[in-house]
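> Got a structure for you, questions after.
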Amino acid sequence: MSKPKPTLETTFCGIKCLNPFWLASAPPTNCGEQIMRAFDAGWGGAVWKTIGEPITNVSSRYSSIDWEGRRMMGFNNIELISDRPIEVNLREIAEVKRRYPKHVVIASLMVESKRETWHDIVQRSEDAGADGLELNFGCPHGMSERGMGSAVGQVPEYCEQITSWVKEKARTPVIVKLTPNISDIRMPARAAKRAGADALSAINTINSITGIDLDTLQPNPNVDGKSSHGGYCGPAVKPIALNMVQQIQADPLAALPLSGIGGIATWRDVAEFILLGCSTVQVCTAVMHYGYRIVEDMQDGLLAWMTEKGFATIDDFRGLSLPNVREWKHLNLNYKIVARIHEDLCIGCQLCYTACWDGAHQCIHLDRTAPAPDTTLTPAMVEAEAARRISTTPIPKLDTGSAGRTNAVTPLERIPRVDEEHCVGCNLCSLVCPVDNCITMERIDNGLPPQTWEQRTAAGLVPAGASEVLTNG
Amino acid sequence: MSDQPAFSQPIHDHPEIAARFGDIHPPLDMQAAIPEANRCLFCFDAPCTTACPTHINVPQFLKRIATGNLSGSARTILDANILGASCARACPVEVLCEGACVMHRYNKQPIQIARLQRFAMDALHESGSPLPFEPGADAGLSVALIGAGPASLACAAELRRRGIRAHLYDARPLPGGLNTYGVAEYKLPFAESLREIEMLSQLGVEFHMNTTIDTAKLAELEREHNAIFLGIGLGAIHKLGIGSEDLPGVTNALDLIADYKSGKLTTVPERVVVVGAGNTAIDAAIASVRLGAIEVHIAYRRGPEQMSAFSFEYEHAKSEGVKFLWHVLPTGIHGDESVEALKLTRLATTDDSSIVPQPGSEFSLPADWIVLAIGQGTHSAFLATNGSDAAKVQLERGRILIDRASGQTSNPKFFAGGDCTNGGREVVDAVADGKRAGIGIAAWLEGQHVQT
């Protein structure tokens, strides 16, 4: 059976899109020349660097978190909205739309919280030819001190008020961009929906201080010895973004067409955001790191995956993982897995052993060569024994077969053993194991039917105190 | 304390030697060291640490490099191995830490532990910081250490950290033994060995150089000190026993290496034959190539599978152009005024795997120099024969017998370690022996003290 040839074309709150890959409102969308190059590279849309009264930026503006030699696992900025005059941005929007009519251009907007001012900027943006409007209620630094950006997004009433002003005037779809710097992102999302927003985008950047210089004791990015909290983004924030996307899309009072943002760098990230209900995605940090060309593999990889899975359109798999994210009380307490160490793959690093002893439940042991299972041997005892060993440099002619020379096979005594009786199935050992598929988590048939905490409490099987703690918790 | 150590006089680099014997493994810089250190999986009860005779906590010192804690990294290394700098360069890590790395079973290259260890040690030296240990409070005890090679140096460091005085005696003008005089210059330069010993001497070690110990002197030391450590190494290289071995042009590998390292020898004649196929033979053969020989042969009476050189040393020698003659037995030396050729006879292996000369297979290999590298004898006789007295310590085929864990000999006051006990191994084995003996001596002395 031939699989359907998939397409990346999609529609987002009525806006036709060549593909779901948009550039987020940020330095990569600062001007028309950049955006046109991005469209040439394959991006389907761009949210213009936020337009408003021009600001003055500081230098420096960015800082990042490197992780074990990899650059920019997390990225932080204290840059404000566009520093270019409104009319220049709008003129360039018109030019881009004239030359790229099929590509999506969204005007990101941020002005002072006055009805007339919002009406004015909405009118001018739409007159310039923007396909839609994104209201920047998320910028966490600088603008928020002036009553804009996240200062709006953090107060559902302000969010609702301004969205409704914009909706009074707007003829194109209105997207409200949400800040994650709030205890429950569903509240501003619901407010935007109440006010008639056509769509949402999430998440904006997360308040952050990336680090302190240990020589100067000054934080980064350094502006004349001082810094300010910035907005955190990049690969490090993806799990936080995915959770907020799920929260919004699982809430009937908040759910709207959603443009996913937060640490997206590859087609895999894109697929995950769509599986949790997003229709498009927006990318910034990965482009700042590697350039517009990253979109090539996003297109190619997502299409290949869709072909393999038999999905013809983005809508075919949008939100498919949402039903699989449940409240904890709905998880099956009788589902039992245990760790299995595959001896043929084990390289003998014993990271699972030390992780289980120090970080989990003390059920991995180094007793394979012991006459009988020995669960009493602690890591300290193992190390003390090792320190007493006397090793000698092997001489080829004299010491053939000594430990240092034949290293292709892991010695049995270095392969840990899982005490399946006591293994709680936490996954930790399989997560720390450096070898793919060396430790697998295997289901154990305990003969018990599925039972959730909710069912267990309903059946009166849980003492009252324990159930109270959880329901209040 | 004692007189100025002789080796603190400026060491002159010999530009010709430095140029011909550049680093075989160039140093890492910070940008390369950190990702390499981060590759370490941080194994529990790490096989690299177990494989190291001195049990350096490799994952710990690598982690400290990764976090930029370079002084802590150096301290981790030195705490286990006071000669960590020279071991980083001289160790055959392919059969030690790097050979034991679990990455081999992961289809990946092992962590470059030796180069990272050198990185940490170089950083310590460059920082100008002192040795990160201090001598212990004076315990009122003293130990004489005979020989100033790696075993005695390591033993002395353990003693000094426990406040026990350490007097080292050596016949050579400079300390370090084979570390200074015997390791190929492209691995461990002469000056690096001395720099490391200078740092170690911050613990207050007393050197008595140009001092040969005989039976009488030994008796004196035994009276003056609370214990004796024997780190005397091995003796002269064996002779072939085929006559004409005193002809000019017949030398041995250890003299060749010591002479070029100390700048006494800067060139060798065109044709060199090295007899023997151990690691020392390889070092001498490669040194001959680098010192200008046109044709260098290694002659060995068995085949490549029986040679005691490490396989990577064999590969290295071949890559330098050294030619190997297998299954040949030296039967004579030609030459009137000086060496002209080495007479060789081909050997055949019999059914019972013994080797016998093939009649009529003799041939002459033209040579200007014949370098013997067929193993060293022992020079422990002064311990065994003392006139009518019983032997000082128990020997076996000239080797001093010890308890491996404590270094103690059959005579409780005598401890020993290094080549004189193991028959000739690596620097790191000597350091491990010396370290165990230092701890063993301190424990024994403490026991003695409690008893009295």
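Residue names in the structure tokens use chain letters A, B, ... in the order shown, residue numbers from 1 in each chain, and ligand numbers from 1 in the order shown.
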Skipping near chain neighbours, those fewer than 3 positions away, what residues fall within 12 Å of Thr280 of chain A using only C-alpha atoms, listed as a PDB file with N, CA and C atoms, in the first residue's frame?


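After the write, around.pdb holds the following:
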```
ATOM      1  N   LEU A   8       3.227  20.104   3.646  1.00  0.00           N
ATOM      2  CA  LEU A   8       3.446  20.946   4.824  1.00  0.00           C
ATOM      3  C   LEU A   8       2.514  22.156   4.811  1.00  0.00           C
ATOM      4  N   GLU A   9       1.764  22.320   3.717  1.00  0.00           N
ATOM      5  CA  GLU A   9       0.842  23.467   3.648  1.00  0.00           C
ATOM      6  C   GLU A   9      -0.221  23.310   4.716  1.00  0.00           C
ATOM      7  N   THR A  10      -0.538  24.429   5.332  1.00  0.00           N
ATOM      8  CA  THR A  10      -1.495  24.360   6.426  1.00  0.00           C
ATOM      9  C   THR A  10      -2.196  25.710   6.546  1.00  0.00           C
ATOM     10  N   THR A  11      -3.176  25.742   7.407  1.00  0.00           N
ATOM     11  CA  THR A  11      -3.905  26.994   7.636  1.00  0.00           C
ATOM     12  C   THR A  11      -3.885  27.281   9.125  1.00  0.00           C
ATOM     13  N   PHE A  12      -3.595  28.520   9.454  1.00  0.00           N
ATOM     14  CA  PHE A  12      -3.524  28.898  10.871  1.00  0.00           C
ATOM     15  C   PHE A  12      -4.505  30.051  11.105  1.00  0.00           C
ATOM     16  N   CYS A  13      -5.531  29.822  11.857  1.00  0.00           N
ATOM     17  CA  CYS A  13      -6.616  30.778  12.134  1.00  0.00           C
ATOM     18  C   CYS A  13      -6.997  31.555  10.857  1.00  0.00           C
ATOM     19  N   ILE A  15      -5.260  31.892   8.141  1.00  0.00           N
ATOM     20  CA  ILE A  15      -4.130  32.356   7.325  1.00  0.00           C
ATOM     21  C   ILE A  15      -3.521  31.158   6.621  1.00  0.00           C
ATOM     22  N   LYS A  16      -3.456  31.208   5.290  1.00  0.00           N
ATOM     23  CA  LYS A  16      -2.855  30.105   4.543  1.00  0.00           C
ATOM     24  C   LYS A  16      -1.337  30.155   4.698  1.00  0.00           C
ATOM     25  N   CYS A  17      -0.733  28.998   4.962  1.00  0.00           N
ATOM     26  CA  CYS A  17       0.714  28.948   5.195  1.00  0.00           C
ATOM     27  C   CYS A  17       1.346  27.909   4.260  1.00  0.00           C
ATOM     28  N   LEU A  18       2.487  28.264   3.643  1.00  0.00           N
ATOM     29  CA  LEU A  18       3.221  27.307   2.804  1.00  0.00           C
ATOM     30  C   LEU A  18       3.764  26.163   3.652  1.00  0.00           C
ATOM     31  N   ASN A  19       4.139  26.491   4.866  1.00  0.00           N
ATOM     32  CA  ASN A  19       4.587  25.477   5.820  1.00  0.00           C
ATOM     33  C   ASN A  19       4.426  26.050   7.218  1.00  0.00           C
ATOM     34  N   PRO A  20       4.550  25.212   8.237  1.00  0.00           N
ATOM     35  CA  PRO A  20       4.302  25.711   9.598  1.00  0.00           C
ATOM     36  C   PRO A  20       5.514  26.392  10.234  1.00  0.00           C
ATOM     37  N   PHE A  21       6.575  26.584   9.457  1.00  0.00           N
ATOM     38  CA  PHE A  21       7.816  27.121  10.058  1.00  0.00           C
ATOM     39  C   PHE A  21       7.853  28.642   9.931  1.00  0.00           C
ATOM     40  N   TRP A  22       7.707  29.313  11.053  1.00  0.00           N
ATOM     41  CA  TRP A  22       7.766  30.766  11.085  1.00  0.00           C
ATOM     42  C   TRP A  22       8.979  31.193  11.905  1.00  0.00           C
ATOM     43  N   LEU A  23       9.453  32.379  11.551  1.00  0.00           N
ATOM     44  CA  LEU A  23      10.477  32.992  12.400  1.00  0.00           C
ATOM     45  C   LEU A  23       9.772  33.789  13.483  1.00  0.00           C
ATOM     46  N   ALA A  24      10.231  33.650  14.725  1.00  0.00           N
ATOM     47  CA  ALA A  24       9.628  34.391  15.831  1.00  0.00           C
ATOM     48  C   ALA A  24      10.059  35.849  15.770  1.00  0.00           C
ATOM     49  N   TRP A  43      11.590  29.446   4.869  1.00  0.00           N
ATOM     50  CA  TRP A  43      10.671  29.735   5.972  1.00  0.00           C
ATOM     51  C   TRP A  43       9.308  30.117   5.397  1.00  0.00           C
ATOM     52  N   GLY A  44       8.247  29.637   6.024  1.00  0.00           N
ATOM     53  CA  GLY A  44       6.911  29.901   5.516  1.00  0.00           C
ATOM     54  C   GLY A  44       6.322  31.202   6.005  1.00  0.00           C
ATOM     55  N   GLY A  45       6.838  31.706   7.118  1.00  0.00           N
ATOM     56  CA  GLY A  45       6.286  32.935   7.663  1.00  0.00           C
ATOM     57  C   GLY A  45       7.267  33.605   8.596  1.00  0.00           C
ATOM     58  N   ALA A  46       6.965  34.859   8.914  1.00  0.00           N
ATOM     59  CA  ALA A  46       7.823  35.593   9.839  1.00  0.00           C
ATOM     60  C   ALA A  46       6.975  36.539  10.654  1.00  0.00           C
ATOM     61  N   VAL A  47       7.251  36.566  11.946  1.00  0.00           N
ATOM     62  CA  VAL A  47       6.611  37.551  12.813  1.00  0.00           C
ATOM     63  C   VAL A  47       7.619  38.685  12.985  1.00  0.00           C
ATOM     64  N   VAL A 104       3.750  34.309   4.822  1.00  0.00           N
ATOM     65  CA  VAL A 104       3.001  34.958   5.899  1.00  0.00           C
ATOM     66  C   VAL A 104       3.871  36.005   6.588  1.00  0.00           C
ATOM     67  N   ALA A 199      -6.155  33.581  17.931  1.00  0.00           N
ATOM     68  CA  ALA A 199      -5.110  32.573  18.129  1.00  0.00           C
ATOM     69  C   ALA A 199      -4.198  33.016  19.263  1.00  0.00           C
ATOM     70  N   LEU A 200      -3.356  32.071  19.689  1.00  0.00           N
ATOM     71  CA  LEU A 200      -2.366  32.366  20.731  1.00  0.00           C
ATOM     72  C   LEU A 200      -0.990  31.951  20.221  1.00  0.00           C
ATOM     73  N   SER A 201       0.042  32.532  20.813  1.00  0.00           N
ATOM     74  CA  SER A 201       1.387  31.997  20.599  1.00  0.00           C
ATOM     75  C   SER A 201       2.062  31.903  21.967  1.00  0.00           C
ATOM     76  N   ALA A 202       2.848  30.837  22.170  1.00  0.00           N
ATOM     77  CA  ALA A 202       3.476  30.617  23.484  1.00  0.00           C
ATOM     78  C   ALA A 202       4.646  29.644  23.288  1.00  0.00           C
ATOM     79  N   PRO A 257      -6.290  28.152  18.159  1.00  0.00           N
ATOM     80  CA  PRO A 257      -5.137  27.849  17.306  1.00  0.00           C
ATOM     81  C   PRO A 257      -3.881  28.422  17.952  1.00  0.00           C
ATOM     82  N   LEU A 258      -2.848  27.585  17.996  1.00  0.00           N
ATOM     83  CA  LEU A 258      -1.670  27.974  18.782  1.00  0.00           C
ATOM     84  C   LEU A 258      -0.407  27.872  17.945  1.00  0.00           C
ATOM     85  N   SER A 259       0.405  28.917  18.023  1.00  0.00           N
ATOM     86  CA  SER A 259       1.714  28.898  17.375  1.00  0.00           C
ATOM     87  C   SER A 259       2.745  28.610  18.466  1.00  0.00           C
ATOM     88  N   GLY A 260       3.413  27.459  18.385  1.00  0.00           N
ATOM     89  CA  GLY A 260       4.303  27.015  19.460  1.00  0.00           C
ATOM     90  C   GLY A 260       5.671  27.660  19.359  1.00  0.00           C
ATOM     91  N   ILE A 261       6.186  28.063  20.518  1.00  0.00           N
ATOM     92  CA  ILE A 261       7.492  28.720  20.582  1.00  0.00           C
ATOM     93  C   ILE A 261       8.236  28.197  21.812  1.00  0.00           C
ATOM     94  N   ILE A 264      12.734  25.481  19.882  1.00  0.00           N
ATOM     95  CA  ILE A 264      12.574  24.632  18.689  1.00  0.00           C
ATOM     96  C   ILE A 264      13.782  24.812  17.765  1.00  0.00           C
ATOM     97  N   ASP A 269      11.532  18.640  17.185  1.00  0.00           N
ATOM     98  CA  ASP A 269      10.887  19.582  18.105  1.00  0.00           C
ATOM     99  C   ASP A 269       9.553  20.031  17.528  1.00  0.00           C
ATOM    100  N   VAL A 270       9.548  20.323  16.227  1.00  0.00           N
ATOM    101  CA  VAL A 270       8.329  20.788  15.562  1.00  0.00           C
ATOM    102  C   VAL A 270       7.220  19.742  15.715  1.00  0.00           C
ATOM    103  N   ALA A 271       7.573  18.495  15.438  1.00  0.00           N
ATOM    104  CA  ALA A 271       6.569  17.429  15.517  1.00  0.00           C
ATOM    105  C   ALA A 271       5.982  17.343  16.922  1.00  0.00           C
ATOM    106  N   GLU A 272       6.829  17.493  17.935  1.00  0.00           N
ATOM    107  CA  GLU A 272       6.334  17.405  19.310  1.00  0.00           C
ATOM    108  C   GLU A 272       5.362  18.538  19.646  1.00  0.00           C
ATOM    109  N   PHE A 273       5.694  19.758  19.207  1.00  0.00           N
ATOM    110  CA  PHE A 273       4.792  20.882  19.484  1.00  0.00           C
ATOM    111  C   PHE A 273       3.447  20.675  18.780  1.00  0.00           C
ATOM    112  N   ILE A 274       3.496  20.155  17.545  1.00  0.00           N
ATOM    113  CA  ILE A 274       2.245  19.934  16.812  1.00  0.00           C
ATOM    114  C   ILE A 274       1.441  18.810  17.473  1.00  0.00           C
ATOM    115  N   LEU A 275       2.137  17.772  17.931  1.00  0.00           N
ATOM    116  CA  LEU A 275       1.444  16.663  18.594  1.00  0.00           C
ATOM    117  C   LEU A 275       0.725  17.129  19.861  1.00  0.00           C
ATOM    118  N   LEU A 276       1.197  18.219  20.457  1.00  0.00           N
ATOM    119  CA  LEU A 276       0.510  18.758  21.637  1.00  0.00           C
ATOM    120  C   LEU A 276      -0.435  19.891  21.251  1.00  0.00           C
ATOM    121  N   GLY A 277      -0.741  20.016  19.970  1.00  0.00           N
ATOM    122  CA  GLY A 277      -1.837  20.902  19.581  1.00  0.00           C
ATOM    123  C   GLY A 277      -1.464  22.174  18.851  1.00  0.00           C
ATOM    124  N   VAL A 283      10.540  30.040  15.504  1.00  0.00           N
ATOM    125  CA  VAL A 283      11.927  29.710  15.832  1.00  0.00           C
ATOM    126  C   VAL A 283      12.745  30.993  15.898  1.00  0.00           C
ATOM    127  N   ILE A 314      -0.508  18.454   8.276  1.00  0.00           N
ATOM    128  CA  ILE A 314      -0.198  18.833   9.656  1.00  0.00           C
ATOM    129  C   ILE A 314      -1.400  18.530  10.553  1.00  0.00           C
ATOM    130  N   ASP A 315      -2.605  18.816  10.037  1.00  0.00           N
ATOM    131  CA  ASP A 315      -3.804  18.590  10.845  1.00  0.00           C
ATOM    132  C   ASP A 315      -3.997  17.123  11.199  1.00  0.00           C
ATOM    133  N   ARG A 318      -1.992  16.797  14.410  1.00  0.00           N
ATOM    134  CA  ARG A 318      -2.040  17.884  15.398  1.00  0.00           C
ATOM    135  C   ARG A 318      -2.842  17.440  16.623  1.00  0.00           C
TER     136      ARG A 318
END
```

> So that I can check the secondary structure, give me every residue of segment 227-391 of chain B assigned helix (DSSP H, G or I) by backbone DSSP, as a PyMOL selection string.

chain B and resi 253-261+279-290+304-306+311-319+381-384

> Go ahead and write the residues just picked, C-alpha atoms, as a PDB file, in the first residue's frame.


```pdb
ATOM      1  CA  ALA B 253      71.219   0.792  25.245  1.00  0.00           C
ATOM      2  CA  LEU B 254      71.178   2.392  28.691  1.00  0.00           C
ATOM      3  CA  ASP B 255      74.512   4.147  28.200  1.00  0.00           C
ATOM      4  CA  LEU B 256      73.442   5.300  24.744  1.00  0.00           C
ATOM      5  CA  ILE B 257      70.189   6.758  26.087  1.00  0.00           C
ATOM      6  CA  ALA B 258      71.772   8.337  29.166  1.00  0.00           C
ATOM      7  CA  ASP B 259      74.551   9.869  27.084  1.00  0.00           C
ATOM      8  CA  TYR B 260      72.338  11.495  24.487  1.00  0.00           C
ATOM      9  CA  LYS B 261      69.864  12.705  27.113  1.00  0.00           C
ATOM     10  CA  ASN B 279      61.205  -1.510  25.021  1.00  0.00           C
ATOM     11  CA  THR B 280      64.721  -0.337  25.854  1.00  0.00           C
ATOM     12  CA  ALA B 281      66.009  -1.833  22.597  1.00  0.00           C
ATOM     13  CA  ILE B 282      63.303   0.072  20.719  1.00  0.00           C
ATOM     14  CA  ASP B 283      64.219   3.310  22.487  1.00  0.00           C
ATOM     15  CA  ALA B 284      67.884   2.820  21.590  1.00  0.00           C
ATOM     16  CA  ALA B 285      67.079   1.993  17.965  1.00  0.00           C
ATOM     17  CA  ILE B 286      64.833   5.021  17.491  1.00  0.00           C
ATOM     18  CA  ALA B 287      67.392   7.225  19.235  1.00  0.00           C
ATOM     19  CA  SER B 288      70.029   5.937  16.792  1.00  0.00           C
ATOM     20  CA  VAL B 289      67.827   6.910  13.849  1.00  0.00           C
ATOM     21  CA  ARG B 290      67.317  10.357  15.267  1.00  0.00           C
ATOM     22  CA  PRO B 304      57.773 -10.639  16.881  1.00  0.00           C
ATOM     23  CA  GLU B 305      55.153 -12.492  18.924  1.00  0.00           C
ATOM     24  CA  GLN B 306      57.691 -13.231  21.665  1.00  0.00           C
ATOM     25  CA  SER B 311      53.146  -3.512  20.101  1.00  0.00           C
ATOM     26  CA  PHE B 312      52.787   0.285  19.811  1.00  0.00           C
ATOM     27  CA  GLU B 313      56.525   0.613  20.438  1.00  0.00           C
ATOM     28  CA  TYR B 314      57.176  -1.930  17.677  1.00  0.00           C
ATOM     29  CA  GLU B 315      54.940   0.055  15.307  1.00  0.00           C
ATOM     30  CA  HIS B 316      56.678   3.260  16.283  1.00  0.00           C
ATOM     31  CA  ALA B 317      60.114   1.767  15.552  1.00  0.00           C
ATOM     32  CA  LYS B 318      58.977   0.540  12.145  1.00  0.00           C
ATOM     33  CA  SER B 319      57.560   3.956  11.331  1.00  0.00           C
ATOM     34  CA  ALA B 381      75.105  -8.725  45.618  1.00  0.00           C
ATOM     35  CA  PHE B 382      76.232  -6.363  48.387  1.00  0.00           C
ATOM     36  CA  LEU B 383      73.045  -7.304  50.207  1.00  0.00           C
ATOM     37  CA  ALA B 384      73.557 -11.025  49.846  1.00  0.00           C
TER      38      ALA B 384
END
```

> So, with only C-alpha atoms as the atoms that count, which of A:Thr410, A:Asn332, A:Gln34, A:Thr56 lies closest to Pro449 of chain A?

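Using only C-alpha atoms, Pro449 of chain A sits closest to A:Asn332.
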
> Please determine the contact residues of chain A with respect to chain B at a cut-off of 8 Å, counting only C-alpha atoms, and supply them as an NGL selection string.

:A and (68-69 or 347-351 or 353-354 or 382-383 or 386-387 or 389-398 or 403-405 or 407-410 or 434-435)

> Residues of segment 215-378 of chain A in strand (DSSP E) according to DSSP, as a list in words?

Gly230, Gly231, Tyr232, Cys233, Leu258, Ser259, Gly260, Ile261, Cys278, Ser279, Thr280, Val281, Gln282, Val283, Ile337, Val338, Ala339, Arg340, Ile341, Ile364 and His365 of chain A

> Dump N, CA and C atoms for the selected residues as a CSV table (one decimal), in the first residue's frame?


```
chain,number,residue,atom,x,y,z
A,230,GLY,N,17.1,38.9,32.0
A,230,GLY,CA,16.8,38.8,30.6
A,230,GLY,C,15.7,37.8,30.3
A,231,GLY,N,15.5,37.5,29.1
A,231,GLY,CA,14.6,36.5,28.7
A,231,GLY,C,15.3,35.3,28.2
A,232,TYR,N,15.0,34.1,28.8
A,232,TYR,CA,15.7,32.9,28.5
A,232,TYR,C,15.0,32.0,27.5
A,233,CYS,N,15.8,31.5,26.6
A,233,CYS,CA,15.2,30.7,25.5
A,233,CYS,C,16.2,29.7,25.0
A,258,LEU,N,-2.8,27.6,18.0
A,258,LEU,CA,-1.7,28.0,18.8
A,258,LEU,C,-0.4,27.9,17.9
A,259,SER,N,0.4,28.9,18.0
A,259,SER,CA,1.7,28.9,17.4
A,259,SER,C,2.7,28.6,18.5
A,260,GLY,N,3.4,27.5,18.4
A,260,GLY,CA,4.3,27.0,19.5
A,260,GLY,C,5.7,27.7,19.4
A,261,ILE,N,6.2,28.1,20.5
A,261,ILE,CA,7.5,28.7,20.6
A,261,ILE,C,8.2,28.2,21.8
A,278,CYS,N,-0.2,22.4,18.6
A,278,CYS,CA,0.2,23.6,17.8
A,278,CYS,C,-0.1,23.5,16.3
A,279,SER,N,-0.4,24.6,15.7
A,279,SER,CA,-0.6,24.5,14.2
A,279,SER,C,0.6,25.0,13.5
A,280,THR,N,1.3,26.0,14.0
A,280,THR,CA,2.5,26.5,13.5
A,280,THR,C,3.6,26.5,14.6
A,281,VAL,N,4.8,26.7,14.2
A,281,VAL,CA,5.8,26.9,15.2
A,281,VAL,C,6.6,28.2,14.9
A,282,GLN,N,7.3,28.7,15.9
A,282,GLN,CA,8.1,29.9,15.7
A,282,GLN,C,9.5,29.6,16.2
A,283,VAL,N,10.5,30.0,15.5
A,283,VAL,CA,11.9,29.7,15.8
A,283,VAL,C,12.7,31.0,15.9
A,337,ILE,N,7.1,-1.9,35.6
A,337,ILE,CA,8.3,-2.2,34.8
A,337,ILE,C,9.5,-2.3,35.6
A,338,VAL,N,10.5,-3.1,35.1
A,338,VAL,CA,11.8,-3.2,35.8
A,338,VAL,C,12.9,-3.0,34.8
A,339,ALA,N,14.1,-2.7,35.3
A,339,ALA,CA,15.2,-2.5,34.5
A,339,ALA,C,15.9,-3.8,34.1
A,340,ARG,N,16.3,-3.9,32.8
A,340,ARG,CA,17.0,-5.1,32.4
A,340,ARG,C,18.3,-4.6,31.8
A,341,ILE,N,19.4,-5.1,32.3
A,341,ILE,CA,20.7,-4.8,31.7
A,341,ILE,C,21.1,-5.8,30.7
A,364,ILE,N,20.5,-2.1,42.4
A,364,ILE,CA,21.5,-2.6,41.4
A,364,ILE,C,22.7,-3.0,42.2
A,365,HIS,N,23.2,-4.2,41.9
A,365,HIS,CA,24.3,-4.7,42.7
A,365,HIS,C,25.5,-5.3,41.8
```

> Counting only C-alpha atoms, figure out which residue out of A:Ala236, A:Ile203, A:Leu80, A:Leu366 gets nearest to Met381 of chain A.

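Smallest separation from Met381 of chain A among the options: A:Leu366.
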
> Find the distance between atom CA of Thr267 of chain B and atom CA of Glu337 of chain B and write it in Å to one decimal.

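Spanning atom CA of Thr267 of chain B to atom CA of Glu337 of chain B is a straight-line distance of 19.9 Å.
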
> Would you list the contacts of segment 114-128 of chain B as a PyMOL selection string, taking every protein, DNA or RNA residue within 10 Å and counting only C-alpha atoms, but skipping same-chain residues closer than 4 positions in sequence?

chain B and resi 25-30+32-34+36-37+58+61-62+64-65+69-78+83-94+97-98+132+195-196+199

> Put those residues in a file: C-alpha atoms, as a compact mmCIF listing (two decimals), in the first residue's frame.


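Output below, filename out-v2.txt:
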```txt
# COMPACT_ATOMS: atom_id res chain seq x y z
CA HIS B 25 52.44 13.55 21.99
CA PRO B 26 52.04 17.33 21.75
CA PRO B 27 50.37 19.07 24.69
CA LEU B 28 46.66 19.90 24.68
CA ASP B 29 45.43 23.46 25.02
CA MET B 30 42.47 24.51 27.16
CA ALA B 32 40.89 20.91 23.42
CA ALA B 33 41.31 19.71 27.01
CA ILE B 34 37.85 20.64 28.29
CA GLU B 36 38.14 15.82 25.95
CA ALA B 37 37.77 15.78 29.74
CA VAL B 58 41.26 9.51 36.89
CA PHE B 61 41.00 14.66 37.96
CA LEU B 62 39.27 14.77 34.58
CA ARG B 64 38.25 18.92 37.73
CA ILE B 65 39.81 19.84 34.40
CA ASN B 69 39.63 23.49 38.76
CA LEU B 70 43.15 22.88 37.46
CA SER B 71 44.94 23.13 40.80
CA GLY B 72 42.52 20.59 42.27
CA SER B 73 43.11 18.34 39.29
CA ALA B 74 46.87 18.44 39.81
CA ARG B 75 46.41 17.74 43.51
CA THR B 76 44.29 14.66 42.76
CA ILE B 77 47.04 13.34 40.48
CA LEU B 78 49.93 14.11 42.83
CA LEU B 83 55.65 11.70 39.78
CA GLY B 84 52.39 12.37 37.94
CA ALA B 85 54.09 14.73 35.52
CA SER B 86 56.63 12.23 34.24
CA CYS B 87 54.16 9.35 34.31
CA ALA B 88 51.83 11.42 32.09
CA ARG B 89 54.60 11.38 29.51
CA ALA B 90 56.40 8.08 30.10
CA CYS B 91 53.58 5.64 30.89
CA PRO B 92 52.61 3.05 28.27
CA VAL B 93 48.99 4.14 28.75
CA GLU B 94 47.88 1.89 25.89
CA CYS B 97 44.60 3.57 32.02
CA GLU B 98 43.73 4.26 28.39
CA PRO B 132 50.14 21.18 47.08
CA ARG B 195 61.95 20.01 37.26
CA GLU B 196 59.55 17.48 38.78
CA MET B 199 59.14 20.36 43.04
```

> Can you measure atom CA of Leu133 of chain A to atom CA of Leu90 of chain A for me? One decimal in Å is fine.

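Result for atom CA of Leu133 of chain A versus atom CA of Leu90 of chain A: 12.6 Å, one decimal.
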
> One number please: atom CA of Cys31 of chain A to atom CA of Ser144 of chain A, in Å, one decimal.

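Calculated distance between atom CA of Cys31 of chain A and atom CA of Ser144 of chain A is 23.5 Å.
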
> If we count only C-alpha atoms, what is near segment 295-298 of chain A at a cut-off of 9 Å, once residues fewer than 2 positions away on the same chain are taken out, given as a PyMOL selection string?

chain A and resi 21+41-43+265-268+270+287+291-293+300-303

> Would you pick out the contacts of Ser150 of chain A at 10 Å or less, using only C-alpha atoms, so that residues sharing its chain but fewer than 3 positions from it are not included, and give the list as a count of residues only?

23

> Counting only C-alpha atoms, what is within 8 Å of Ile55 of chain A, bar same-chain residues fewer than 3 positions away, as a list in words?

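The residues satisfying every condition are Leu80, Ile81, Ser82, Asp83 and Arg84 of chain A.
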
> Could you tell me which of B:Pro15, B:Pro110, B:Gly140, B:Pro359 comes closest to Asn226 of chain B if we count only C-alpha atoms?

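Looking at the shortest contact to Asn226 of chain B, the residue is B:Gly140.
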
> What lies within 6 Å of Gly276 of chain B using only C-alpha atoms, ignoring chain neighbours under 3 positions off, as a JSON list (two decimals) with C-alpha atoms, in the first residue's frame?


```
[["chain", "number", "residue", "atom", "x", "y", "z"],
["B", 281, "ALA", "CA", 66.01, -1.83, 22.60],
["B", 300, "TYR", "CA", 66.31, -10.74, 18.08],
["B", 373, "ALA", "CA", 69.75, -4.40, 25.01],
["B", 374, "ILE", "CA", 69.29, -7.95, 26.24]]
```
